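One structure below.
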Amino acid sequence: MCERLVKMTRKQRAALPPMHEGRVDVIAGGAIVAEELAREFRDRAGIDELTVSEHDILDGIVLSLCG
């Protein structure tokens, strides 16, 4: 997936659903970082699954305060 994103033009990345306009220029770099993290987790801790979320740390903080 990373290689595919890196090779795409900006216009092609922007056309991917559901691509947020603010992520078009950074999605390939972010995917590379996520791929490398996943590889390290697998190699060092045997974790072979990574969940990517649309939510961020603020959502997690609010949820922890509510419950």
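Ligands are numbered from 1 in the order shown, chains are lettered A, B, ... in the order of the structure tokens, and residues start at 1 in each chain.
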Inset, instruction - Fewer than 6 positions away in the same chain doesn't count, so skip those; otherwise give me all residues within 12 Å of Ala14 (chain A), counting only C-alpha atoms, as a list of chain:residue names. - result: A:Leu5, A:Met8, A:His20, A:Glu21, A:Gly22, A:Arg23, A:Val24, A:Asp25, A:Val26, A:Ile27, A:Ala28
Would you write out those residues with N, CA and C atoms, as a PDB file, in the first residue's frame?
```
ATOM      1  N   LEU A   5       0.798   4.351  -2.721  1.00  0.00           N
ATOM      2  CA  LEU A   5       0.524   5.745  -2.356  1.00  0.00           C
ATOM      3  C   LEU A   5       1.653   6.670  -2.788  1.00  0.00           C
ATOM      4  N   MET A   8       1.531   7.453  -6.515  1.00  0.00           N
ATOM      5  CA  MET A   8       0.357   8.186  -7.011  1.00  0.00           C
ATOM      6  C   MET A   8       0.645   9.682  -7.099  1.00  0.00           C
ATOM      7  N   HIS A  20      -9.443  12.932   3.136  1.00  0.00           N
ATOM      8  CA  HIS A  20      -9.634  14.300   3.620  1.00  0.00           C
ATOM      9  C   HIS A  20      -8.587  15.174   2.939  1.00  0.00           C
ATOM     10  N   GLU A  21      -8.991  16.334   2.472  1.00  0.00           N
ATOM     11  CA  GLU A  21      -8.074  17.214   1.731  1.00  0.00           C
ATOM     12  C   GLU A  21      -6.783  17.506   2.497  1.00  0.00           C
ATOM     13  N   GLY A  22      -6.876  17.644   3.798  1.00  0.00           N
ATOM     14  CA  GLY A  22      -5.696  17.947   4.603  1.00  0.00           C
ATOM     15  C   GLY A  22      -4.701  16.801   4.709  1.00  0.00           C
ATOM     16  N   ARG A  23      -5.078  15.620   4.257  1.00  0.00           N
ATOM     17  CA  ARG A  23      -4.199  14.454   4.360  1.00  0.00           C
ATOM     18  C   ARG A  23      -3.555  14.059   3.024  1.00  0.00           C
ATOM     19  N   VAL A  24      -3.997  14.663   1.948  1.00  0.00           N
ATOM     20  CA  VAL A  24      -3.523  14.274   0.611  1.00  0.00           C
ATOM     21  C   VAL A  24      -2.000  14.334   0.510  1.00  0.00           C
ATOM     22  N   ASP A  25      -1.399  15.378   1.055  1.00  0.00           N
ATOM     23  CA  ASP A  25       0.046  15.557   0.924  1.00  0.00           C
ATOM     24  C   ASP A  25       0.863  14.772   1.947  1.00  0.00           C
ATOM     25  N   VAL A  26       0.225  14.251   2.988  1.00  0.00           N
ATOM     26  CA  VAL A  26       0.980  13.570   4.046  1.00  0.00           C
ATOM     27  C   VAL A  26       0.648  12.087   4.189  1.00  0.00           C
ATOM     28  N   ILE A  27      -0.349  11.609   3.459  1.00  0.00           N
ATOM     29  CA  ILE A  27      -0.812  10.229   3.631  1.00  0.00           C
ATOM     30  C   ILE A  27       0.272   9.200   3.310  1.00  0.00           C
ATOM     31  N   ALA A  28       1.065   9.438   2.284  1.00  0.00           N
ATOM     32  CA  ALA A  28       2.106   8.468   1.917  1.00  0.00           C
ATOM     33  C   ALA A  28       3.161   8.370   3.013  1.00  0.00           C
TER      34      ALA A  28
END
```
Inset, instruction - Using DSSP on the backbone coordinates, identify the residues of chain A assigned to helix (DSSP H, G or I); present them as a ChimeraX atom specification. - result: /A:2-7,10-14,21-23,27-45,57-66
Now that the selection is made, can you save its residues with N, CA and C atoms as a tab-separated table (two decimals), in the first residue's frame?
```
chain	number	residue	atom	x	y	z
A	2	CYS	N	1.93	1.24	0.79
A	2	CYS	CA	2.80	2.42	0.85
A	2	CYS	C	3.39	2.75	-0.51
A	3	GLU	N	3.89	1.73	-1.18
A	3	GLU	CA	4.50	1.94	-2.49
A	3	GLU	C	3.48	2.53	-3.46
A	4	ARG	N	2.27	2.02	-3.40
A	4	ARG	CA	1.21	2.51	-4.28
A	4	ARG	C	0.91	3.99	-4.00
A	5	LEU	N	0.80	4.35	-2.72
A	5	LEU	CA	0.52	5.75	-2.36
A	5	LEU	C	1.65	6.67	-2.79
A	6	VAL	N	2.89	6.22	-2.60
A	6	VAL	CA	4.05	7.04	-2.97
A	6	VAL	C	4.09	7.31	-4.47
A	7	LYS	N	3.71	6.32	-5.26
A	7	LYS	CA	3.75	6.46	-6.72
A	7	LYS	C	2.59	7.26	-7.29
A	10	ARG	N	-0.73	13.62	-6.71
A	10	ARG	CA	-1.58	14.27	-5.70
A	10	ARG	C	-3.05	14.12	-6.08
A	11	LYS	N	-3.34	14.29	-7.37
A	11	LYS	CA	-4.71	14.18	-7.85
A	11	LYS	C	-5.27	12.77	-7.62
A	12	GLN	N	-4.45	11.76	-7.87
A	12	GLN	CA	-4.90	10.38	-7.65
A	12	GLN	C	-5.16	10.11	-6.17
A	13	ARG	N	-4.26	10.61	-5.31
A	13	ARG	CA	-4.48	10.41	-3.87
A	13	ARG	C	-5.73	11.14	-3.41
A	14	ALA	N	-5.96	12.33	-3.93
A	14	ALA	CA	-7.14	13.11	-3.54
A	14	ALA	C	-8.43	12.40	-3.95
A	21	GLU	N	-8.99	16.33	2.47
A	21	GLU	CA	-8.07	17.21	1.73
A	21	GLU	C	-6.78	17.51	2.50
A	22	GLY	N	-6.88	17.64	3.80
A	22	GLY	CA	-5.70	17.95	4.60
A	22	GLY	C	-4.70	16.80	4.71
A	23	ARG	N	-5.08	15.62	4.26
A	23	ARG	CA	-4.20	14.45	4.36
A	23	ARG	C	-3.56	14.06	3.02
A	27	ILE	N	-0.35	11.61	3.46
A	27	ILE	CA	-0.81	10.23	3.63
A	27	ILE	C	0.27	9.20	3.31
A	28	ALA	N	1.07	9.44	2.28
A	28	ALA	CA	2.11	8.47	1.92
A	28	ALA	C	3.16	8.37	3.01
A	29	GLY	N	3.60	9.51	3.53
A	29	GLY	CA	4.58	9.50	4.62
A	29	GLY	C	4.02	8.83	5.87
A	30	GLY	N	2.77	9.12	6.18
A	30	GLY	CA	2.12	8.49	7.33
A	30	GLY	C	2.00	6.99	7.16
A	31	ALA	N	1.71	6.55	5.96
A	31	ALA	CA	1.60	5.11	5.69
A	31	ALA	C	2.95	4.42	5.85
A	32	ILE	N	4.01	5.09	5.44
A	32	ILE	CA	5.36	4.53	5.60
A	32	ILE	C	5.69	4.39	7.09
A	33	VAL	N	5.38	5.41	7.88
A	33	VAL	CA	5.62	5.35	9.32
A	33	VAL	C	4.81	4.22	9.94
A	34	ALA	N	3.53	4.11	9.59
A	34	ALA	CA	2.68	3.05	10.13
A	34	ALA	C	3.21	1.67	9.75
A	35	GLU	N	3.67	1.52	8.52
A	35	GLU	CA	4.22	0.24	8.08
A	35	GLU	C	5.47	-0.13	8.87
A	36	GLU	N	6.35	0.84	9.09
A	36	GLU	CA	7.57	0.57	9.85
A	36	GLU	C	7.26	0.25	11.31
A	37	LEU	N	6.30	0.98	11.90
A	37	LEU	CA	5.89	0.68	13.28
A	37	LEU	C	5.33	-0.73	13.37
A	38	ALA	N	4.49	-1.09	12.42
A	38	ALA	CA	3.90	-2.44	12.41
A	38	ALA	C	5.00	-3.49	12.32
A	39	ARG	N	6.00	-3.24	11.50
A	39	ARG	CA	7.11	-4.18	11.36
A	39	ARG	C	7.88	-4.31	12.67
A	40	GLU	N	8.15	-3.19	13.33
A	40	GLU	CA	8.86	-3.22	14.61
A	40	GLU	C	8.04	-3.95	15.68
A	41	PHE	N	6.74	-3.67	15.75
A	41	PHE	CA	5.88	-4.35	16.73
A	41	PHE	C	5.90	-5.86	16.49
A	42	ARG	N	5.84	-6.25	15.23
A	42	ARG	CA	5.87	-7.68	14.90
A	42	ARG	C	7.21	-8.30	15.30
A	43	ASP	N	8.30	-7.65	14.90
A	43	ASP	CA	9.62	-8.22	15.14
A	43	ASP	C	10.00	-8.23	16.62
A	44	ARG	N	9.65	-7.19	17.35
A	44	ARG	CA	10.08	-7.07	18.74
A	44	ARG	C	9.11	-7.67	19.75
A	45	ALA	N	7.81	-7.64	19.43
A	45	ALA	CA	6.81	-8.08	20.42
A	45	ALA	C	5.87	-9.16	19.91
A	57	ILE	N	-6.29	11.21	20.00
A	57	ILE	CA	-6.07	11.15	21.44
A	57	ILE	C	-7.16	11.90	22.21
A	58	LEU	N	-7.67	12.99	21.65
A	58	LEU	CA	-8.71	13.74	22.35
A	58	LEU	C	-9.98	12.91	22.51
A	59	ASP	N	-10.32	12.13	21.51
A	59	ASP	CA	-11.48	11.23	21.63
A	59	ASP	C	-11.26	10.25	22.77
A	60	GLY	N	-10.07	9.72	22.86
A	60	GLY	CA	-9.76	8.77	23.93
A	60	GLY	C	-9.82	9.40	25.30
A	61	ILE	N	-9.33	10.62	25.42
A	61	ILE	CA	-9.38	11.33	26.70
A	61	ILE	C	-10.82	11.56	27.12
A	62	VAL	N	-11.65	12.02	26.21
A	62	VAL	CA	-13.06	12.26	26.51
A	62	VAL	C	-13.74	10.96	26.93
A	63	LEU	N	-13.50	9.89	26.20
A	63	LEU	CA	-14.10	8.60	26.56
A	63	LEU	C	-13.66	8.13	27.94
A	64	SER	N	-12.39	8.32	28.27
A	64	SER	CA	-11.92	7.88	29.59
A	64	SER	C	-12.51	8.74	30.70
A	65	LEU	N	-12.76	10.01	30.44
A	65	LEU	CA	-13.37	10.87	31.45
A	65	LEU	C	-14.85	10.55	31.65
A	66	CYS	N	-15.49	10.06	30.60
A	66	CYS	CA	-16.93	9.75	30.67
A	66	CYS	C	-17.21	8.40	31.32
```
